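Report on the following structure.
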Amino acid sequence: MTMPTESRTGSRPAVYRHFHRLAWLAVALALGVIVFGAFVRLSNAGLSCPDWPTCYGRAAWPTVAHEVVDHAATAIRPVEVHKAWREQFHRMIAGTLGVLVLGLALLAARRRKYGVLQVIAASVLVGIGIPLYMHGEHVAASVLAIAGEAILLFAALRWSNVDLARVASITLAVIIFQALLGMWTVTWLLKPIVVMGHLLGGLLTFSLILWMAWRATHIPIRLAEAQLVRRLVIAGIVLLGVQIALGGWTSANYAALACGNDFPTCVGQWWPRHDFREAFVLWRGIGVDYEGGILDGEARIAIQLAHRMMAMVVFVYLLWLAVRLIRTPGMRSWATLLGLLVFAQVGLGIANVRLGLPLSVAVMHNAGAVLLLFVLVSLLARLRPPEP
């Protein structure tokens with residue numbers, strides 16, 4: 001079947017008429033998954049279900065400890081019912097998001113030759129791998145998952161975005177990899193590089209779905225200098241992504257309070273003793289329990305200092321971008337929202353330190369990063385040059 005080409009001015013994608021509604025539902029669910037995932041991690045519930053994808057062998061979670069006293073997972077970690085539900089519920093809503101993204105991929109690929117068949121084949125391969133993994137066939141399960149990912153990525157390379165088929169297949173590939181990262185987060189005992197990767201993968205998934213939702217809704221913002229502003233927005237997304245990665249690294253290494261409750265100083269000094277070399281060793285041994293962190297104080301201080309310094313760079317740039325946008329006709333509301341979110345995010349970060357990392361503030365700090373990403377990705381998806 002011959003597909004129309006996408007115009008430079010961003011014509012409306014040829015998608016199913018309710019595609020945008022499903023995409024916005026997926027955006028809302030992705031936001032919930034990320035924020036609830038932050039709650040799970042920050043409440044130290046990330047290892048409360050030591051098996052995957054079940055929780056002590058249950059599809060849901062045990063409600064009392066004696067229900068699973070004979071399950072093998074109890075040898076890894078005793079049951080903590082008040083934490084187990086958090087971890088397993090997070091898996092459930094993430095799985096629901098995966099089903100929604102699968103639906104979007106099928107709708108986007110329905111007009112492509114063998115498009116639906118390729119999406120289904122990839123999903124079936126990944127699905128077969130799950131019971132194999134549960135029965136200890138880890139190599140076979142990994143091979144099937146890699147094969148499924150390869151099918152989706154190969155299809156994305158061949159397809160265009162005129163019907164959002166390319167981005168939908170990439171999003172499905174990302175969310176499958178997210179599931180693998182979630183599995184490794186548990187089986188590799190909160191390994192920091194995996195925890196940080198899981199956070200970044202979640203935000204990448206959110207960004208891709210959000211981009212699809214805006215493109216399918218098709219309400220572009222027409223600006224004469226759209227290309228320049230888009231480049232500025234992309235730079236902002238890159239800087240924000242680096243800062244989010246540093247925040248994830250800080251959290252995964254339990255370095256949020258490495259400076260105590262001091263701000264802007266750190267343990268009473270402007271430049272305390274630190275160890276950047278040890279702080280940013282990305283790969284360490286498998287089999288180590290990373291819960292609570294394994295780094296010494298100087299390495300954790302280095303992580304916290306890096307996070308603070310990058311925060312200043314991002315703050316200055318995004319605030320400058322907001323001022324730049326507020327002077328652009330028709331962009332005042334977006335500029336104001338960006339500026340307010342930047343100040344709120346910095347305030348929440350400072351409150352985290354000064355108040356000793358209260359759970360509610362820490363979760364809101366994570367949500368603030370998602371909202372900043374929402375503004376920037378929305379602008380990237382909607383900005384278009386004037387129609388000829």
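Every chain in the structure tokens takes a letter, A first, then B, and so on in the order presented; its residues are numbered from 1, and the ligands are numbered from 1 following the presented order.
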Nearby residues (only C-alpha atoms) at most 8 Å from range 163-174 of chain A, same-chain spacing under 5 positions excluded, as an mmCIF file with N, CA and C atoms, in the first residue's frame:
data_model
loop_
_atom_site.group_PDB
_atom_site.id
_atom_site.type_symbol
_atom_site.label_atom_id
_atom_site.label_comp_id
_atom_site.auth_asym_id
_atom_site.auth_seq_id
_atom_site.Cartn_x
_atom_site.Cartn_y
_atom_site.Cartn_z
ATOM 1 N N PRO A 13 -0.938 13.528 10.852
ATOM 2 C CA PRO A 13 -0.625 12.125 10.570
ATOM 3 C C PRO A 13 -1.884 11.337 10.209
ATOM 4 N N ALA A 14 -1.714 10.360 9.325
ATOM 5 C CA ALA A 14 -2.841 9.530 8.891
ATOM 6 C C ALA A 14 -3.052 8.410 9.900
ATOM 7 N N VAL A 15 -3.704 8.740 11.011
ATOM 8 C CA VAL A 15 -3.876 7.784 12.098
ATOM 9 C C VAL A 15 -5.356 7.454 12.297
ATOM 10 N N GLY A 98 1.993 -0.946 29.113
ATOM 11 C CA GLY A 98 2.550 -1.721 28.019
ATOM 12 C C GLY A 98 1.485 -2.202 27.047
ATOM 13 N N VAL A 101 0.394 0.761 24.925
ATOM 14 C CA VAL A 101 1.391 1.074 23.897
ATOM 15 C C VAL A 101 1.353 0.030 22.785
ATOM 16 N N LEU A 102 1.130 -1.224 23.146
ATOM 17 C CA LEU A 102 0.966 -2.269 22.134
ATOM 18 C C LEU A 102 -0.223 -1.948 21.227
ATOM 19 N N LEU A 104 -1.447 1.019 20.569
ATOM 20 C CA LEU A 104 -1.069 2.150 19.712
ATOM 21 C C LEU A 104 -0.181 1.686 18.556
ATOM 22 N N ALA A 105 0.737 0.775 18.844
ATOM 23 C CA ALA A 105 1.618 0.271 17.792
ATOM 24 C C ALA A 105 0.826 -0.499 16.735
ATOM 25 N N ALA A 108 -1.104 2.045 14.639
ATOM 26 C CA ALA A 108 -0.229 2.818 13.764
ATOM 27 C C ALA A 108 0.277 1.985 12.587
ATOM 28 N N ALA A 109 0.446 0.676 12.809
ATOM 29 C CA ALA A 109 1.029 -0.178 11.774
ATOM 30 C C ALA A 109 -0.009 -0.888 10.915
ATOM 31 N N VAL A 119 4.341 -6.530 14.590
ATOM 32 C CA VAL A 119 4.153 -6.088 15.977
ATOM 33 C C VAL A 119 3.704 -7.260 16.845
ATOM 34 N N GLU A 149 12.755 -7.359 20.109
ATOM 35 C CA GLU A 149 13.219 -5.984 19.980
ATOM 36 C C GLU A 149 13.758 -5.723 18.570
ATOM 37 N N LEU A 152 10.994 -5.080 16.004
ATOM 38 C CA LEU A 152 10.400 -3.750 16.136
ATOM 39 C C LEU A 152 11.331 -2.664 15.616
ATOM 40 N N LEU A 153 12.615 -2.767 15.930
ATOM 41 C CA LEU A 153 13.558 -1.742 15.498
ATOM 42 C C LEU A 153 13.788 -1.805 13.988
ATOM 43 N N ALA A 155 11.566 -2.785 11.808
ATOM 44 C CA ALA A 155 10.360 -2.191 11.225
ATOM 45 C C ALA A 155 10.413 -0.669 11.311
ATOM 46 N N ALA A 156 10.876 -0.141 12.443
ATOM 47 C CA ALA A 156 10.950 1.309 12.612
ATOM 48 C C ALA A 156 11.898 1.943 11.596
ATOM 49 N N LEU A 157 12.989 1.251 11.275
ATOM 50 C CA LEU A 157 13.925 1.769 10.288
ATOM 51 C C LEU A 157 13.306 1.829 8.895
ATOM 52 N N GLY A 201 14.581 5.371 31.132
ATOM 53 C CA GLY A 201 13.707 4.671 30.197
ATOM 54 C C GLY A 201 12.255 5.044 30.379
ATOM 55 N N LEU A 204 11.847 8.453 28.874
ATOM 56 C CA LEU A 204 11.878 8.367 27.410
ATOM 57 C C LEU A 204 10.543 7.833 26.889
ATOM 58 N N THR A 205 10.002 6.824 27.556
ATOM 59 C CA THR A 205 8.690 6.290 27.176
ATOM 60 C C THR A 205 7.628 7.381 27.255
ATOM 61 N N LEU A 208 8.057 9.877 24.333
ATOM 62 C CA LEU A 208 7.636 9.348 23.036
ATOM 63 C C LEU A 208 6.111 9.300 22.919
ATOM 64 N N ILE A 209 5.455 8.855 23.995
ATOM 65 C CA ILE A 209 3.989 8.798 23.980
ATOM 66 C C ILE A 209 3.411 10.205 23.887
ATOM 67 N N MET A 212 3.695 11.493 20.396
ATOM 68 C CA MET A 212 2.661 10.891 19.553
ATOM 69 C C MET A 212 1.297 11.525 19.813
#
Who sits within 12 Å of Gly247 in chain A, only C-alpha atoms, same chain under 3 positions skipped, as a PyMOL selection string: chain A and resi 38+192+195-197+199-200+240-244+250-256+303-311+349+362+365-366+369
Show me, as an MDAnalysis selection string, the residues that have an atom within 10 Å of Val194 in chain A when counting only C-alpha atoms, minus same-chain residues fewer than 2 positions from it. chainID A and resid 180:186 188:192 196:200 248:249 252 282:283
What are the DSSP helix (DSSP H, G or I) residues of range 185-259 of chain A, as a PyMOL selection string? chain A and resi 185-187+192-217+226-252
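CA of Leu210 in chain A is found 29.1 Å from CA of Asn44 in chain A.
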Length of the CA of Ala367 in chain A to CA of Thr54 in chain A vector [Å]: 27.3 Å
Would you list the contacts of Arg17 in chain A as a PDB file with C-alpha atoms, in the first residue's frame, taking every protein, DNA or RNA residue within 12 Å and counting only C-alpha atoms, but skipping same-chain residues closer than 5 positions in sequence?
ATOM      1  CA  ARG A  12      -1.803  15.761  10.252  1.00  0.00           C
ATOM      2  CA  LEU A  22      -5.679   6.411  23.448  1.00  0.00           C
ATOM      3  CA  ALA A  23      -2.366   8.243  23.294  1.00  0.00           C
ATOM      4  CA  LEU A 104      -1.069   2.150  19.712  1.00  0.00           C
ATOM      5  CA  LEU A 107      -3.166   0.900  15.205  1.00  0.00           C
ATOM      6  CA  ALA A 108      -0.229   2.818  13.764  1.00  0.00           C
ATOM      7  CA  ASP A 163       1.086   7.422  10.315  1.00  0.00           C
ATOM      8  CA  ALA A 216      -2.086  12.845  16.530  1.00  0.00           C
ATOM      9  CA  THR A 217      -4.095  15.685  18.096  1.00  0.00           C
ATOM     10  CA  HIS A 218      -2.542  18.071  15.546  1.00  0.00           C
TER      11      HIS A 218
END
A:Ile350, A:Ala258, A:Leu321, A:Ile130: which is nearest Trp52 in chain A, counting only C-alpha atoms?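 Using only C-alpha atoms, the shortest distance to Trp52 in chain A belongs to A:Ile130.
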